[in-house]
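*Asks:* Please read through the structure below; I'll follow up with questions.
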Amino acid sequence: KYEITKSDIYADRYYVGRTPETLILCDLDTQKVSEIEWIATGKEKFYFDNPTVCMVFSGGELSVVQYGENEVIGQVRTEHMNPHLISTRISEPDEKKQIKKIAFLLDEQSVRIIDLMQNIDATISHTAKIDWLELNLRGSKLLFRDSRRTLHLYDIEDDTRITLLNFCDYAQWVPGSDAVVAQSRDILYVWYRIEQTDEVVTRDIKGDIEEIEKLENGRTQVVVNEGLNRVQYLLDGDLIAFDTALDDMQLVRAMQIMEQMDEKQVLKKGPKGESTRKGNAEDGTYELGDSEKSRDAMWMQLAAIAVKAQEFQIAERAYAALGDVSKARVMSKLDRLVKENGGADHYLVQAQIAIHHRQFRKAEAIYMEQGRVDCALNMYRRLFKWGDALNLARSQNHPKLADLAAEYFSYLLSTDQQEIAGKLKEQEGDYVQALNLYLQGGYPAEAARVVTQQRLTNDSQLLEKIADRLLQKELYSKAGKFLENLNYNQRALDAYLKGNSFREAVDLCRRVFPARVVQLQEQWGDYLASQNQMDAACAHYIEAGQNMKAIDAAIRAKQWKKAVQGLDNVDEKLAQPYLKRIAQHYRSEGELDLAERYYVQGSFYIDAVRMYFEQALWDKAHSIALTYLSEDIVQKLYVSNAKELESRGKLKDATELYIKVQEVDLAIHMYKKNRQYDEMIDLVSKYRQESLKDTHHELGVQFEREGNFRRAEQHYLASKKWQPAVDMYREQEMWEDALRVAKKEGGVVEYKKTAFYFAISVGGDAGFEFLTKRGLGELAVQYAIENAQFPEAFHIATKTCKHKLADVHYQFALALEDEGHFERAEEEFIKANKPKEAIDMYTHQHQWDDAMRVASTHDPISITSVYEEQGRVAQEQKNFKGAENFYINAKKPESAIKMYQDNNQWQEAIRVGRNHVPHLVSQIETDHHTYMANTSDSNTLDYRRSQARLMESREKYSEAIEQYLAIDERMCPDKSELEKLLENAWTLAQRFVPHRGNEVASKVAGRLAKMNKHKKAAQILQAAGLERKAVEILAEGRHYGIARQLASKAAPDLLRKVDEAHQEQLVNEGDTDKLSEINPSAAIEMYANKGEWDKVYQLASKQSKSMVIKCAAMHAELEIKNGDLDRAVKILVKWGAKAEGNNCGAYVRIARAVLDDTSTSSKTKNSIVPDSHIGLIQVLRQVMSSGGNIGGEEKEELEKLRRAAHFSSLRRRCEELKLDKLVMKQSVSILRFSDVLPLDVSFYHAGETCRQQNKREMAFVFFNRFIDICDYIQDDDMDIDETEFVHTDIPSVHSREITRKLNFDEPAVEDIREWALEAGMSDISNELPTRKCGQCGTGMFIGSTSCHNCRCKLPECIVTGWPVTGSKVSCSKCHGVANKEDWNAFVIKAKVCPWCNERAAPVY
């Protein structure tokens, strides 16, 4: 229909033809032709990698055309057209299963797979760039590799992906199968069954895989290039064919392959059954894989698939090959049933299949659907599933149920299954016979259970018999339980103990023999310890009060934390060995901080130091040593360990120890002794810098003495003394090295000097021969010349390098010229054959006659040069006539003409031209006219300037001013010149046109301001009387100082405007430093806004201490808003706090935020008190003691916050000192401040510390309140009963806003709830303990400081916060009062007053 416009042949097989509207594609081998509609662009690319399709790429779109089809079977968009990044699987039209799939890249990390027949696609997203992909033959799986060389397998049907190799050099599907061949480094991998990725055959290879080749005999081989050789590895064809047959469900073919494999195996066996296979590596061919090893698995796989496909004959053959006779018979039976019943759908066949798969319920259901109950019962009987048979019979009310049960019972007795028979009788209610059967069968435990459950306690003889049998069977726990139920408690206890059933024994004793509980707990612990159950033993030792055993068990159980807790209440001397074992454990585990802690706690300081020595943690070791050991011990310890390390060759570690105790000299000596001079020098340079040069020099001398001249040279040079190195080489007559060092270190000068003096010192012909031999004659001559030793220079040059004589004469002449000996210099110049230099010498001295004499005698050509130089000098002296004569004598009239032209003396130039070079006259006149034409342009500087001067000369000053003002930057780029011209305009106006003064001054000032000449502009405006404009223009130019001076004199009202402009400019530029000089407050605010607080404090400190404190308060409040409470407190501690201005309000807000913070208040922390409270008390002390004017309410609030912070931080201190009783009291007192502290946390810790101190009543009340608060947080509709706290000074929970956030997790709350419920079930009181008020006698809580009735207030103990009721003491410094007992307990350990932190002592 259309004319073919272009034809192409590709790969000698594929034809591409183009018509105006179609594209013709043809496979010449198969003679299949496709013609598709196509609008040609001329930029199409064709890919023929797949023999069944052609891929056409055009404009980012890929079209797939199957040969023989006249339409495009699929189109996709992709920019990645590398053949390795596209894979197609297109089946032939005559194949049963049609496949049309394509896989390609969407982008570098995504693969799209499209089924072109069903229009279904899948997308694989990857994390790395994909560089290769390929579909398998059936298009069901995809292999792809990424840029990290990881090989992946993607199952399209299951949408699963696995990694096959982590480093893959090569991968390919085996042609015609689903086997995979891959290479990773030097290993060849083959997966014959890709579904079983763990079944892989590997082989070490020495090269790279080239290809997978199909041989003529049908086998497949992998070709490996090993450089000079190509090695072939044959794949197992049987495995490949078998898997292919299974995939195609060709089970008969698969069976035949297996039978052939078995036949081959028989043939390969020798007469004794041994394998006769031999390797075939001689011809470079190897076999990969051995189907013999996979034989059983392959038969099993075939059997399973055949059963599933109901091909029972094939399954029978497979099981027979496996030797599984029973299953083969089942398959034979199934096959017979199929034939007898007309197919596999018959119920007998289906039931047998279910039985084969052990799906008995399914088989039963099949029988029941057909009403064949007897068949189902017989099935269960044959399988000895009597229970299922009886259940089925009962459910169907079968008439033979009784017979079946009797048969079952007889069967049980005949097979000695008395236990099951007994249970059967037990179910029937015949307990006596059941008991007899249990005892007869040796199951006394079952008999005991029946007796207990049915309460058969009448027959005492039977009971004793059961008990004896239990004991005989060593069922002591069950015997004990049995006897306990019979109230034989002592016998039960003995049985429990005999069977080591301590849990039951303890439970019994708690009820019957309570006095023996503690003893049993210890025995229990001993038993567990004997069984190496140390963790459990520890708990029972604790219950028994055996602390030392508990600690030992905890350590043996590696429960180090428990061991540490147990040591808290043990005498220090007794605890020492355990502390050392604990420390050694943490040391072995690498937890050095904990190891250090327990070494120090046990006073094993040297062990701690040595531990850090072993780990080379010198700073930590030194810190411990300085803290706990005397200087003498530290010195000896470090030096001895350093020497030990030195003896072991660990010199660096030894150095660390020497340095820590300032024994640097020992370290230096150590390195010197071990001849490690580099390390020695490093130490000297670091710690003995003043001796470094001397050390280098000493080492140089040492190495020189040892004959190691190179090392000696290095150290001489390092000592900045290279001369000894030169001297050393000279003494050794190593002249080349001497010259090398002299040249390198002393430069060319020293090099020449050395060569020169060497020649002189050797003297005679030997010296000259040395210089000549080594080519140093010229350098020696040069040195002599440079040092003005010309006689020696002449001598050396004459002997070694005569060609240098002229140079010596020349240099000697120059020296004479410099000295003013011109006549002698002239002689030497002539000897050097350089008369021109002699002439130049005289011309420089303007001795023209001598110059002319030398020129006439020795260099006539230079005469003209003398005249020309005379002319140049005359020209410089403005002696144009004289210069003209000299130029004419020099025959250089052009120079004279040029001189006159340059000086605008055109008439003189024309005259000289006419007289001496007439041919140049016309050119001179032309140049003259050109010059005049160029300078007459009205838009040039010269023109305007000349016009202005012309107007001035004519006294037309106004016109002259206009001419000056008309000159702009374009005409005059030179700003200084333009400034002068504008000043001329102003000067003319000022002197001759005064009525235009202001106008001209404004214009000139404006022009100067644009040129950044604001000062000059202001001067002109000021001279014109325009001071206000002058101020404004100075401010505009940022000359604020001058502007202020002028404004203060002429326009004071502009001062504020100048300052505001100055500040605005500094703010805009962010120049806070200059702003601080003008307005410190504004600068501080700017620094604060930028967050540059270091500069804020630096500037504030220059103002006043109050300003610093104000800034600190502002900074702290900002950190509070940002949630960094610790930093806020540290800021106030660092910069101080004082009650003044608005600071008090800020301190109140900060203190409330810090105290109410819950971020560090969890019970899981090491301490229940956050670090921020420690700093807060310091801040509040400063505020209260600053003496500022504090308002009544603020003072009361600050005092309350101070006390809250005091007791909170003091509780932290008491925790560290192990003063648990004081911690309990402080936790209770802190409840007085629960309106500023976290509410739930406060009550929790109060309850917990009371529980730890066995104050169960208070713990119960406080825990109940804690639970109420937690419930209220979760449900704000509930009401909190506060009856228990009426007689206390603890604030109401409603006195503050309760945050809707729990500070404890749910398990922690539930633990407390369970404890409270358990305590509530006992006889514990739900009221707080009270005492009587000393004034009104009313009962009040023992921890309250004020009576709720008469408002009487007792002093608050500064240690615990409890009321001071008994013996009291007071601090001699701060006069704070405390209960004597609490004071002594704290001061004995802390050594300071808890309130003022001054040194204090106990009071007795």
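Ligands are numbered from 1 in the order shown, chains are lettered A, B, ... in the order of the structure tokens, and residues start at 1 in each chain.
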If DSSP is run on the backbone, what residues of stretch 1306-1347 of chain A are alpha helix (DSSP H)? A reply as a ChimeraX atom specification would be ideal.
*Replies:* /A:1306-1321
*Asks:* I need the residues from that last selection saved to file as a JSON list (two decimals), in the first residue's frame (with N, CA and C atoms), if you can.
*Replies:*
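part-v3.json written:
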[["chain", "number", "residue", "atom", "x", "y", "z"],
["A", 1306, "GLU", "N", 2.00, 3.17, 84.37],
["A", 1306, "GLU", "CA", 0.87, 2.43, 84.93],
["A", 1306, "GLU", "C", 1.31, 1.27, 85.81],
["A", 1307, "PRO", "N", 2.35, 0.47, 85.42],
["A", 1307, "PRO", "CA", 2.77, -0.62, 86.31],
["A", 1307, "PRO", "C", 3.20, -0.13, 87.69],
["A", 1308, "ALA", "N", 3.90, 1.02, 87.75],
["A", 1308, "ALA", "CA", 4.33, 1.54, 89.05],
["A", 1308, "ALA", "C", 3.14, 1.91, 89.91],
["A", 1309, "VAL", "N", 2.13, 2.55, 89.30],
["A", 1309, "VAL", "CA", 0.93, 2.93, 90.06],
["A", 1309, "VAL", "C", 0.20, 1.68, 90.54],
["A", 1310, "GLU", "N", 0.12, 0.66, 89.68],
["A", 1310, "GLU", "CA", -0.59, -0.56, 90.06],
["A", 1310, "GLU", "C", 0.13, -1.29, 91.18],
["A", 1311, "ASP", "N", 1.49, -1.25, 91.20],
["A", 1311, "ASP", "CA", 2.23, -1.86, 92.30],
["A", 1311, "ASP", "C", 1.86, -1.22, 93.62],
["A", 1312, "ILE", "N", 1.78, 0.09, 93.64],
["A", 1312, "ILE", "CA", 1.41, 0.80, 94.88],
["A", 1312, "ILE", "C", -0.03, 0.49, 95.24],
["A", 1313, "ARG", "N", -0.89, 0.45, 94.24],
["A", 1313, "ARG", "CA", -2.30, 0.15, 94.51],
["A", 1313, "ARG", "C", -2.45, -1.24, 95.14],
["A", 1314, "GLU", "N", -1.72, -2.23, 94.62],
["A", 1314, "GLU", "CA", -1.80, -3.57, 95.19],
["A", 1314, "GLU", "C", -1.28, -3.61, 96.62],
["A", 1315, "TRP", "N", -0.18, -2.87, 96.87],
["A", 1315, "TRP", "CA", 0.35, -2.84, 98.25],
["A", 1315, "TRP", "C", -0.64, -2.21, 99.19],
["A", 1316, "ALA", "N", -1.27, -1.12, 98.76],
["A", 1316, "ALA", "CA", -2.24, -0.45, 99.62],
["A", 1316, "ALA", "C", -3.45, -1.34, 99.88],
["A", 1317, "LEU", "N", -3.91, -2.05, 98.84],
["A", 1317, "LEU", "CA", -5.04, -2.97, 99.05],
["A", 1317, "LEU", "C", -4.66, -4.08, 100.01],
["A", 1318, "GLU", "N", -3.46, -4.63, 99.86],
["A", 1318, "GLU", "CA", -3.01, -5.70, 100.74],
["A", 1318, "GLU", "C", -2.87, -5.19, 102.17],
["A", 1319, "ALA", "N", -2.31, -3.96, 102.32],
["A", 1319, "ALA", "CA", -2.17, -3.39, 103.66],
["A", 1319, "ALA", "C", -3.54, -3.10, 104.26],
["A", 1320, "GLY", "N", -4.47, -2.64, 103.41],
["A", 1320, "GLY", "CA", -5.81, -2.33, 103.91],
["A", 1320, "GLY", "C", -6.54, -3.56, 104.42],
["A", 1321, "MET", "N", -6.19, -4.75, 103.91],
["A", 1321, "MET", "CA", -6.83, -5.98, 104.38],
["A", 1321, "MET", "C", -6.32, -6.38, 105.76]]
*Asks:* Can you pull out every residue within 12 Å of A:Glu157, counting only C-alpha atoms, but drop anything in the same chain fewer than 5 positions away, and send it as JSON, numbers by chain?
*Replies:* {"A": [113, 115, 120, 121, 122, 138, 139, 140, 141, 142]}
*Asks:* Considering only C-alpha atoms, return as a ChimeraX atom specification whatever protein or nucleic-acid residues lie within 12 Å of stretch 314-321 of chain A, sequence-local ones (same chain, fewer than 4 positions apart) excluded.
*Replies:* /A:250-259,261-263,295-310,325-336
*Asks:* Print the selection's residues with C-alpha atoms to a file, as a compact mmCIF listing (two decimals), in the first residue's frame.
*Replies:*
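Okay, this is what ended up in out_8.txt:
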# COMPACT_ATOMS: atom_id res chain seq x y z
CA GLN A 250 4.80 -33.34 33.33
CA LEU A 251 4.90 -35.90 36.15
CA VAL A 252 5.41 -38.93 33.89
CA ARG A 253 8.39 -37.19 32.30
CA ALA A 254 9.75 -36.36 35.77
CA MET A 255 9.36 -40.04 36.82
CA GLN A 256 11.17 -41.21 33.71
CA ILE A 257 14.03 -38.80 34.43
CA MET A 258 14.32 -40.18 37.95
CA GLU A 259 14.30 -43.78 36.71
CA MET A 261 19.04 -41.33 37.03
CA ASP A 262 18.67 -44.51 39.12
CA GLU A 263 19.84 -46.61 36.17
CA ARG A 295 17.89 -38.36 44.69
CA ASP A 296 15.75 -39.01 47.78
CA ALA A 297 14.65 -35.37 48.00
CA MET A 298 13.68 -35.42 44.31
CA TRP A 299 11.63 -38.65 44.66
CA MET A 300 9.98 -37.17 47.78
CA GLN A 301 9.15 -33.98 45.89
CA LEU A 302 7.70 -35.99 43.00
CA ALA A 303 5.64 -38.11 45.43
CA ALA A 304 4.18 -35.08 47.17
CA ILE A 305 3.21 -33.40 43.89
CA ALA A 306 1.77 -36.66 42.52
CA VAL A 307 -0.42 -37.19 45.61
CA LYS A 308 -1.63 -33.62 45.38
CA ALA A 309 -2.42 -34.17 41.68
CA GLN A 310 -4.04 -37.57 42.57
CA VAL A 325 6.68 -49.81 51.56
CA SER A 326 3.76 -48.72 53.73
CA LYS A 327 3.12 -45.56 51.79
CA ALA A 328 3.60 -47.40 48.50
CA ARG A 329 0.89 -49.85 49.59
CA VAL A 330 -1.41 -46.97 50.52
CA MET A 331 -0.88 -45.45 47.10
CA SER A 332 -1.57 -48.84 45.48
CA LYS A 333 -4.74 -49.15 47.51
CA LEU A 334 -5.80 -45.64 46.51
CA ASP A 335 -5.15 -46.42 42.88
CA ARG A 336 -7.22 -49.60 43.17
*Asks:* For each of A:Val64, A:Leu437, A:Leu1125, A:Leu463, take the minimum atom-to-atom distance to A:Gln418, counting only C-alpha atoms, then give the residue where this is smallest.
*Replies:*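 Once distances to A:Gln418 are computed over only C-alpha atoms, the minimum belongs to A:Leu437.
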*Asks:* How far is it from atom CA of A:Tyr496 to atom CA of A:Ala539, in Å with one decimal?
*Replies:* 19.9 Å
*Asks:* Which neighbours of stretch 490-495 of chain A fall inside 12 Å, counting only C-alpha atoms, when residues of the same chain fewer than 2 positions from it are skipped, and could you give them as a ChimeraX atom specification?
*Replies:* /A:464,467-468,470-472,474-488,497-513,516-517,520
